Structures are given as structure tokens and as C-alpha cells.
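Here is the structure we will look at.
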Protein chains: 2
Amino acid sequence: MTPSDSPPEPTDATPEARERLLLAAEAAFAEHGYEGATVREITKRAGVNIAAVSYYFGDKERLYVETVKYAHSCATGGLPVPTPPPDATPVQLLELFIRELVRRMHAPARATSMQLVMREMSNPGKAAHVVVDEFVRPMAFALRERLRTVLPGLDEKRLLMTGFSVIGQCLFYRQNRPIAELIFGKDAVGVLDLEAVSNHVVRFTLTAIGHPPEGSS
Amino acid sequence: MTPSDSPPEPTDATPEARERLLLAAEAAFAEHGYEGATVREITKRAGVNIAAVSYYFGDKERLYVETVKYAHSCATGGLPVPTPPPDATPVQLLELFIRELVRRMHAPARATSMQLVMREMSNPGKAAHVVVDEFVRPMAFALRERLRTVLPGLDEKRLLMTGFSVIGQCLFYRQNRPIAELIFGKDAVGVLDLEAVSNHVVRFTLTAIGHPPEGSS
DNA sequence: GTTGATTTTAAACAAACGTTTCATTGCTCT
DNA sequence: AGAGCAATGAAACGTTTGTTTAAAATCAAC
């Protein structure tokens, strides 16, 4: 009958309707959440018939999971963990890692993708473990190992919290920018671009762990 | 007919049905969000008739706004901004402020209240500006002023980002605990209680801004 | 040009949604 | 007791939801 219940397979000859559906679903789910977004709105925005979601994905929930995966692959651009240059001190490695972290959070091109992924992370559903397994956990573990190298002898508990301090700083600008703009004004927050933020987080973090950068005023 | 469109007034003789409705709505909205929670589920959990939401609040949206306000007042316990002791150095004032911030984020008794408020903050809707105006903005401004006292001469941009670094650390444990548990295990994150977190955030922050506490190993 | 599979379409489905109606209850005054 | 008002109850309202149906359209292969 139809390739509905099991995905039509990434046979690489996937029709373009499927892709447009994913694109529209990404925007809708990112903006209104799973329950807030309707399949009618999604299919309308994608320019396909409403039955297409059943045809290509089976139902709304499987469309959502596939959309989160799709958004995640778009947001990360395929890069797993940033590859460090061979000759670099542990502190420099940590700094590069933080800059990469901030870059991924900010990347304006993939804003909606990131927004959807973040939404799923705030309220972990059936698609969360996929993103965690193949993206977040490797990043978190890599950060912890780099911190461990810089801070040998620190107990696991404080090591974990130090990592959370780094991630917390980075996540803030992604998760709470609307509120920050509501408090301090759109202009005041708008000037905090990628470079300003990453410079600040690097300086703040390195100073906090006892390895202040050179020109730390 | 009924006191529906305008609230029945806090005549202090408010019936107990209204309160139960708010309580049930708080839990439902916190767990499933605005669109995900249904008035049937709420009224069922509250043990009242479905028409009660129309009778007491007019419609679902006004119930939601009132619930967020209610949750906010519950979460903050009525305290506006922590009152500092008269004899305290600027750094001590900042430390006390951070500890208060962490305490408010953690407070397990008001967990659902805080969860609902945070959910509204992540996706600002019609109830966000109320919470921002009478709770978040005063806190944010107070934090900035205390940072300004400790760090005189720092330009506004970096002052803002320093505040975001503090808030970002505190928010992390509230907004991303489920994901953190998914990554590192429930046990590893569970041991990070209020005291451990506030001690860490204080030490991390004070060190980062060049005022390390005494016993900073 | 016809066959057969794949994709798209319009229409309909039952279920759940928020909301309203109206009758009924409980209570307080006179 | 009876009138007036606040509160509750059961049932239905019209929409919108996700999903399905079956016919029409598109396309490749023979």
C-alpha cells in the first residue's frame, strides 16, 4: 500500500516532499512545541497535503522524532567533537572547546534547528535520548576530560559542577535571550555577539579555575 | 449571572474551589505546558466541575495567567529582594545574593511552581511580563548593581555578561537537571544539593571576578 | 499505449478540545 | 417559609484535533 509505518528509507531518492515536511515541521515544532503545532499548519506551510505526514512518517509523533533528529543533524552540521590542533596546552584546548561550544549555541543560520533541539532538551521526550547519546553526552564528557586535565586532583563532584558552570553560561544566551531582552532591552542584549560572548565566557571561566588569560584586566 | 469575566475579587472569602483549581492548573501547566494541559484534566484533578474554569477565570488563557502569577508568588514566598545585613562588604553582599538566587532556584517545596515559572520564561507568553516586572527585573537589576559595586569601572557590556554568567550557572540546575541526569546519571547529579551548588557557584564566580574567597583550594 | 507501483488529492472519520447553557443545589437574609 | 444570590452539576455546543479512506494523478518500464 504505502511506505507509511516504516520510513520510506533514506534511499537517497527520497522525494522532496518529505524534506519540505521536515523543514516546516522543524519551524512549527520549534515555535509552538509538540502539542502546540498542528499537522494542518505544518502541511500547509510545507505545501503538501495533510495525508503526507501519515504517508511519509506514520503519525505526528514519529514525524516529531524524525524532525528533532533532522534538526540536530542540521544544527551540528555533522561535526562530532571539535578536533584540536596537535600542539596546544591543556588550557588552550579548554579555551578552544568553550569557543566551539558558544559558536554552536549562537550559530544564527541554524537558529530554528537549535531552538527545537533545546526545547526537546528542556523537556526530554522520546527524541531526547537520541540527541543526548550522539551529541550532548560526547560533548559533556569531552569537556569534563579537558577540565580534568587542567584541574588534576579535583574531586568528581566539583569537576561536574565546574562543567555545569561552563555549560550554564553558554546555554543562557540560547535559552534565555528573549527574557534577557525583555529585562534589559533588545538593544543591550543584541550587541552581545558571538565573539563578545565567547571572549567573556573564556575569560570568566579560565579566571575562575585559576588560569587567567594574559590580558586579564 | 456569574462573576466570570472579572475575577471574583480577592474578597478573602474566596471559595476553596478556586484555590484547588489553581493548584491543579499549576501542576498540569508545569508538566504539560499550556497547550498540552487540558481543562478537563485540570478540573478532574481539582475535583471540580469543568464549568468552574469559566466561572472563576473566564477561560483557559486567563486561568493560565492567574496560575503563573500564583505559582510565582508561591515560588518566591512573597520576599521581593533579599534584605542584606547592614554591616557587610560589597563582596559579601554579592555572595549572599548568589546564595539567595541558588536557594530560590532549588527550593524543592516549590518545585512545580518554579517549573511553571521557568517554562513561561523560556517561552515568554502573556504571563511573562508580569513575572518579569515584579520579580525577575528587580532581581536582575539588584545583581547588576552589586556587581557594579564590586567591579567599579567595568564597562556596561561586560557587566551585563558577568551577570549573565552568574544567572546562567544558577539557572542550569533548574532548567537542565533532567538532561544532566540523562547524561551523567541520576545519582551523580542528585548529590548536588543546595549547599554544594551554592558553595560552588559562589567560589567560581568570586574567583572569576578577582575576589576569591579565603579557603579557595 | 498499457500496466503497475508510487505519490498526491479531497473528503470524511471519530475523538478531544474549550466553552456555554440551563437546571439545580446550598446558603443567607427578611 | 420564601425570595435572592452564589456556586455546582450534567449535558450539549460548535471547532479543531490527528488520522484514515479511496479515488485521482504522476511516473517509469515494457
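Lettering and numbering for the C-alpha cells are positional, with chains as A, B, ... in the shown order, residues counted from 1 in each chain, and ligands counted from 1 in the shown order.
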
Counting only C-alpha atoms (C1' of nucleotides), what is within 12 Å of D:DG14, bar same-chain residues fewer than 4 positions away, as a count of residues only?
4

At most 9 Å to chain C: residues in chain A, only C-alpha atoms (C1' of nucleotides), as a ChimeraX atom specification:
/A:2,48-49,51-52

So that each row is one residue of chain D with an atom at most 8 Å from chain A, can you give its shortest atom pair and the distance in Å to one decimal, using only C-alpha atoms (C1' of nucleotides), rows by chain and rising number, as CSV?
```
residue,atom,partner,partner_atom,distance
D:DT17,C1',A:Thr38,CA,7.9
D:DG18,C1',A:Lys60,CA,7.5
D:DT19,C1',A:Ser54,CA,7.6
```

Taking a cut-off of 7 Å and counting only C-alpha atoms, can you build a table that, for each residue of chain A near chain B, reports the nearest atom pair and how far apart they are in Å (one decimal), sorted by chain then residue number, as CSV?
```
residue,atom,partner,partner_atom,distance
A:Glu35,CA,B:Gly36,CA,5.5
A:Gly36,CA,B:Glu35,CA,5.5
A:Met121,CA,B:Ile179,CA,6.3
A:Ser122,CA,B:Asn176,CA,6.0
A:Val132,CA,B:Ile183,CA,7.0
A:Arg137,CA,B:Ile183,CA,5.6
A:Ser165,CA,B:Gln169,CA,5.0
A:Gly168,CA,B:Gln169,CA,4.7
A:Gln169,CA,B:Gly168,CA,4.8
A:Phe172,CA,B:Gly168,CA,5.0
A:Gln175,CA,B:Ser122,CA,6.3
A:Asn176,CA,B:Ser122,CA,6.0
A:Ile179,CA,B:Met121,CA,6.3
A:Ile183,CA,B:Arg137,CA,5.6
A:Phe204,CA,B:Ala208,CA,5.2
A:Thr205,CA,B:Ala208,CA,6.6
A:Thr207,CA,B:Ala208,CA,4.8
A:Ala208,CA,B:Ala208,CA,3.9
```

For N, CA, C and O atoms, I'd like the residues from the last selection saved as an mmCIF file, in the first residue's frame.
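Output below, filename result_16.cif:
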```cif
data_model
loop_
_atom_site.group_PDB
_atom_site.id
_atom_site.type_symbol
_atom_site.label_atom_id
_atom_site.label_comp_id
_atom_site.auth_asym_id
_atom_site.auth_seq_id
_atom_site.Cartn_x
_atom_site.Cartn_y
_atom_site.Cartn_z
ATOM 1 N N GLU A 35 2.812 19.871 21.200
ATOM 2 C CA GLU A 35 1.355 19.924 21.299
ATOM 3 C C GLU A 35 0.795 21.160 20.618
ATOM 4 O O GLU A 35 -0.313 21.129 20.069
ATOM 5 N N GLY A 36 1.565 22.238 20.640
ATOM 6 C CA GLY A 36 1.075 23.486 20.080
ATOM 7 C C GLY A 36 1.039 23.485 18.561
ATOM 8 O O GLY A 36 0.168 24.098 17.949
ATOM 9 N N MET A 121 15.378 19.358 24.818
ATOM 10 C CA MET A 121 16.269 19.092 25.944
ATOM 11 C C MET A 121 15.676 19.598 27.254
ATOM 12 O O MET A 121 15.887 19.003 28.306
ATOM 13 N N SER A 122 14.961 20.706 27.193
ATOM 14 C CA SER A 122 14.364 21.264 28.413
ATOM 15 C C SER A 122 13.285 20.346 28.954
ATOM 16 O O SER A 122 13.115 20.212 30.161
ATOM 17 N N VAL A 132 20.914 13.154 22.982
ATOM 18 C CA VAL A 132 21.872 13.038 24.079
ATOM 19 C C VAL A 132 22.965 12.042 23.728
ATOM 20 O O VAL A 132 24.158 12.321 23.879
ATOM 21 N N ARG A 137 26.104 13.958 25.093
ATOM 22 C CA ARG A 137 26.951 13.224 26.023
ATOM 23 C C ARG A 137 28.420 13.249 25.605
ATOM 24 O O ARG A 137 29.296 13.526 26.452
ATOM 25 N N SER A 165 29.052 24.873 35.234
ATOM 26 C CA SER A 165 29.210 26.332 35.205
ATOM 27 C C SER A 165 29.539 26.804 33.796
ATOM 28 O O SER A 165 29.043 27.845 33.344
ATOM 29 N N GLY A 168 26.366 26.097 31.660
ATOM 30 C CA GLY A 168 25.307 27.020 32.082
ATOM 31 C C GLY A 168 25.480 28.395 31.480
ATOM 32 O O GLY A 168 24.513 29.011 31.021
ATOM 33 N N GLN A 169 26.724 28.867 31.460
ATOM 34 C CA GLN A 169 26.983 30.181 30.863
ATOM 35 C C GLN A 169 26.638 30.184 29.378
ATOM 36 O O GLN A 169 26.020 31.121 28.869
ATOM 37 N N PHE A 172 22.825 29.910 28.612
ATOM 38 C CA PHE A 172 21.996 31.056 28.975
ATOM 39 C C PHE A 172 21.588 31.880 27.759
ATOM 40 O O PHE A 172 20.413 32.233 27.595
ATOM 41 N N GLN A 175 18.932 29.854 25.763
ATOM 42 C CA GLN A 175 17.654 29.529 26.396
ATOM 43 C C GLN A 175 16.923 30.747 26.930
ATOM 44 O O GLN A 175 15.695 30.720 27.077
ATOM 45 N N ASN A 176 17.650 31.804 27.269
ATOM 46 C CA ASN A 176 17.022 32.904 27.989
ATOM 47 C C ASN A 176 17.205 34.249 27.319
ATOM 48 O O ASN A 176 17.020 35.289 27.952
ATOM 49 N N ILE A 179 14.001 36.495 27.414
ATOM 50 C CA ILE A 179 13.760 37.105 28.718
ATOM 51 C C ILE A 179 14.792 38.189 29.000
ATOM 52 O O ILE A 179 14.462 39.268 29.521
ATOM 53 N N ILE A 183 14.118 42.124 29.847
ATOM 54 C CA ILE A 183 14.569 42.806 31.061
ATOM 55 C C ILE A 183 15.413 44.021 30.724
ATOM 56 O O ILE A 183 15.147 45.129 31.172
ATOM 57 N N PHE A 204 36.023 34.547 31.893
ATOM 58 C CA PHE A 204 35.355 34.295 33.167
ATOM 59 C C PHE A 204 35.720 32.896 33.685
ATOM 60 O O PHE A 204 36.095 32.728 34.851
ATOM 61 N N THR A 205 35.650 31.931 32.793
ATOM 62 C CA THR A 205 35.881 30.544 33.212
ATOM 63 C C THR A 205 37.345 30.299 33.561
ATOM 64 O O THR A 205 37.662 29.738 34.624
ATOM 65 N N THR A 207 39.612 32.368 34.450
ATOM 66 C CA THR A 207 39.964 33.046 35.697
ATOM 67 C C THR A 207 39.419 32.277 36.894
ATOM 68 O O THR A 207 40.084 32.140 37.925
ATOM 69 N N ALA A 208 38.191 31.772 36.748
ATOM 70 C CA ALA A 208 37.565 31.069 37.865
ATOM 71 C C ALA A 208 38.341 29.820 38.262
ATOM 72 O O ALA A 208 38.383 29.458 39.436
#
```

Name the residues of stretch 8-213 of chain B that come out as alpha helix (DSSP H) in a backbone DSSP run; write them as number ranges by chain.
B: 16-36, 39-46, 52-57, 60-76, 90-106, 111-122, 128-131, 137-150, 156-175, 177-184, 186-190, 194-208

Write to file, as a short mmCIF file (atom, residue, chain, number, x, y, z; two decimals), in the first residue's frame, the residues of the selection just made, with C-alpha atoms.
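Dumped everything to part_11.cif:
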```cif
data_model
loop_
_atom_site.label_atom_id
_atom_site.label_comp_id
_atom_site.auth_asym_id
_atom_site.auth_seq_id
_atom_site.Cartn_x
_atom_site.Cartn_y
_atom_site.Cartn_z
CA GLU B 16 -11.77 26.82 48.18
CA ALA B 17 -12.68 25.56 44.72
CA ARG B 18 -10.76 28.43 43.14
CA GLU B 19 -7.64 27.57 45.07
CA ARG B 20 -7.85 23.89 44.22
CA LEU B 21 -8.26 24.88 40.59
CA LEU B 22 -5.11 26.99 40.72
CA LEU B 23 -3.20 24.20 42.42
CA ALA B 24 -4.24 21.61 39.86
CA ALA B 25 -3.60 24.02 36.98
CA GLU B 26 -0.14 24.74 38.33
CA ALA B 27 0.79 21.08 38.25
CA ALA B 28 -0.79 20.46 34.86
CA PHE B 29 0.69 23.51 33.14
CA ALA B 30 4.10 22.87 34.69
CA GLU B 31 4.11 19.31 33.45
CA HIS B 32 2.49 19.56 30.02
CA GLY B 33 2.67 23.23 29.11
CA TYR B 34 -0.19 25.49 28.13
CA GLU B 35 -1.31 23.65 25.02
CA GLY B 36 -0.57 20.21 26.41
CA VAL B 39 -9.10 21.93 31.21
CA ARG B 40 -10.75 18.56 31.63
CA GLU B 41 -7.63 17.13 33.20
CA ILE B 42 -7.23 20.18 35.42
CA THR B 43 -10.80 20.24 36.66
CA LYS B 44 -10.77 16.50 37.18
CA ARG B 45 -7.61 16.68 39.25
CA ALA B 46 -9.03 19.60 41.20
CA ALA B 52 -15.67 26.08 37.12
CA VAL B 53 -12.81 27.39 34.98
CA SER B 54 -15.26 29.54 33.05
CA TYR B 55 -16.98 30.57 36.23
CA TYR B 56 -13.89 31.60 38.16
CA PHE B 57 -11.48 32.71 35.43
CA LYS B 60 -8.31 28.79 29.85
CA GLU B 61 -5.95 31.60 28.97
CA ARG B 62 -6.90 33.76 31.92
CA LEU B 63 -6.66 30.72 34.14
CA TYR B 64 -3.14 30.23 32.84
CA VAL B 65 -2.08 33.80 33.54
CA GLU B 66 -3.51 33.67 37.04
CA THR B 67 -1.84 30.33 37.61
CA VAL B 68 1.56 31.68 36.59
CA LYS B 69 1.10 34.64 38.93
CA TYR B 70 0.02 32.28 41.67
CA ALA B 71 2.97 30.00 41.05
CA HIS B 72 5.30 32.96 41.03
CA SER B 73 4.00 34.22 44.36
CA CYS B 74 4.32 30.72 45.76
CA ALA B 75 7.82 30.23 44.42
CA THR B 76 9.15 33.49 45.78
CA PRO B 90 30.28 44.53 48.74
CA VAL B 91 31.74 41.12 48.07
CA GLN B 92 29.82 39.62 50.97
CA LEU B 93 26.67 41.26 49.68
CA LEU B 94 27.26 39.67 46.31
CA GLU B 95 27.89 36.29 47.90
CA LEU B 96 24.67 36.49 49.90
CA PHE B 97 22.81 37.45 46.76
CA ILE B 98 24.12 34.46 44.83
CA ARG B 99 23.23 32.12 47.67
CA GLU B 100 19.71 33.52 47.72
CA LEU B 101 19.49 33.07 43.96
CA VAL B 102 20.52 29.42 44.16
CA ARG B 103 18.17 28.84 47.08
CA ARG B 104 15.22 30.15 45.09
CA MET B 105 16.08 28.01 42.11
CA HIS B 106 16.38 24.86 44.16
CA ALA B 111 9.46 22.77 42.67
CA THR B 112 6.36 22.71 40.49
CA SER B 113 5.74 26.41 40.98
CA MET B 114 9.28 27.17 39.89
CA GLN B 115 8.99 24.77 36.98
CA LEU B 116 5.92 26.56 35.67
CA VAL B 117 7.51 29.98 36.05
CA MET B 118 10.63 28.77 34.26
CA ARG B 119 8.58 27.27 31.48
CA GLU B 120 6.89 30.58 30.92
CA MET B 121 10.25 32.34 30.95
CA SER B 122 11.72 30.05 28.32
CA ALA B 128 5.81 36.57 31.24
CA HIS B 129 5.84 40.35 31.54
CA VAL B 130 4.05 40.17 34.89
CA VAL B 131 6.66 37.86 36.37
CA ARG B 137 13.78 42.50 36.63
CA PRO B 138 14.29 43.74 40.21
CA MET B 139 16.49 40.75 40.91
CA ALA B 140 18.49 41.24 37.72
CA PHE B 141 18.98 44.94 38.39
CA ALA B 142 19.94 44.30 42.00
CA LEU B 143 22.52 41.76 40.87
CA ARG B 144 23.94 44.19 38.35
CA GLU B 145 24.26 46.93 40.96
CA ARG B 146 26.05 44.65 43.38
CA LEU B 147 28.39 43.56 40.62
CA ARG B 148 28.98 47.19 39.73
CA THR B 149 29.95 47.95 43.31
CA VAL B 150 32.39 45.06 43.39
CA GLU B 156 28.29 48.02 30.84
CA LYS B 157 28.66 45.28 28.28
CA ARG B 158 30.97 43.14 30.36
CA LEU B 159 28.96 43.96 33.47
CA LEU B 160 25.88 42.55 31.75
CA MET B 161 27.67 39.42 30.63
CA THR B 162 29.10 38.89 34.10
CA GLY B 163 25.57 38.97 35.47
CA PHE B 164 24.52 36.50 32.81
CA SER B 165 27.37 34.22 33.85
CA VAL B 166 26.04 34.21 37.42
CA ILE B 167 22.42 33.70 36.44
CA GLY B 168 23.34 31.15 33.81
CA GLN B 169 25.11 29.00 36.37
CA CYS B 170 22.13 29.16 38.73
CA LEU B 171 19.55 28.53 36.05
CA PHE B 172 21.35 25.49 34.74
CA TYR B 173 20.40 23.32 37.66
CA ARG B 174 16.77 24.30 37.32
CA GLN B 175 16.39 24.18 33.55
CA ARG B 177 18.66 18.91 35.52
CA PRO B 178 16.73 16.23 33.62
CA ILE B 179 19.23 16.29 30.80
CA ALA B 180 22.16 16.37 33.19
CA GLU B 181 20.76 13.27 34.87
CA LEU B 182 20.32 11.65 31.48
CA ILE B 183 23.97 12.29 30.69
CA PHE B 184 25.79 11.64 33.94
CA LYS B 186 20.67 10.40 38.36
CA ASP B 187 22.97 9.57 41.25
CA ALA B 188 25.85 11.79 40.17
CA VAL B 189 23.59 14.82 39.78
CA GLY B 190 21.40 14.00 42.75
CA LEU B 194 21.59 23.29 47.56
CA GLU B 195 24.65 23.79 49.71
CA ALA B 196 27.09 22.15 47.33
CA VAL B 197 25.78 24.12 44.38
CA SER B 198 25.68 27.48 46.11
CA ASN B 199 29.16 26.96 47.53
CA HIS B 200 30.46 26.13 44.08
CA VAL B 201 28.76 28.97 42.26
CA VAL B 202 29.95 31.45 44.88
CA ARG B 203 33.53 30.22 44.72
CA PHE B 204 33.53 30.00 40.92
CA THR B 205 32.04 33.45 40.48
CA LEU B 206 34.07 35.28 43.12
CA THR B 207 37.28 33.77 41.77
CA ALA B 208 36.32 34.73 38.25
#
```
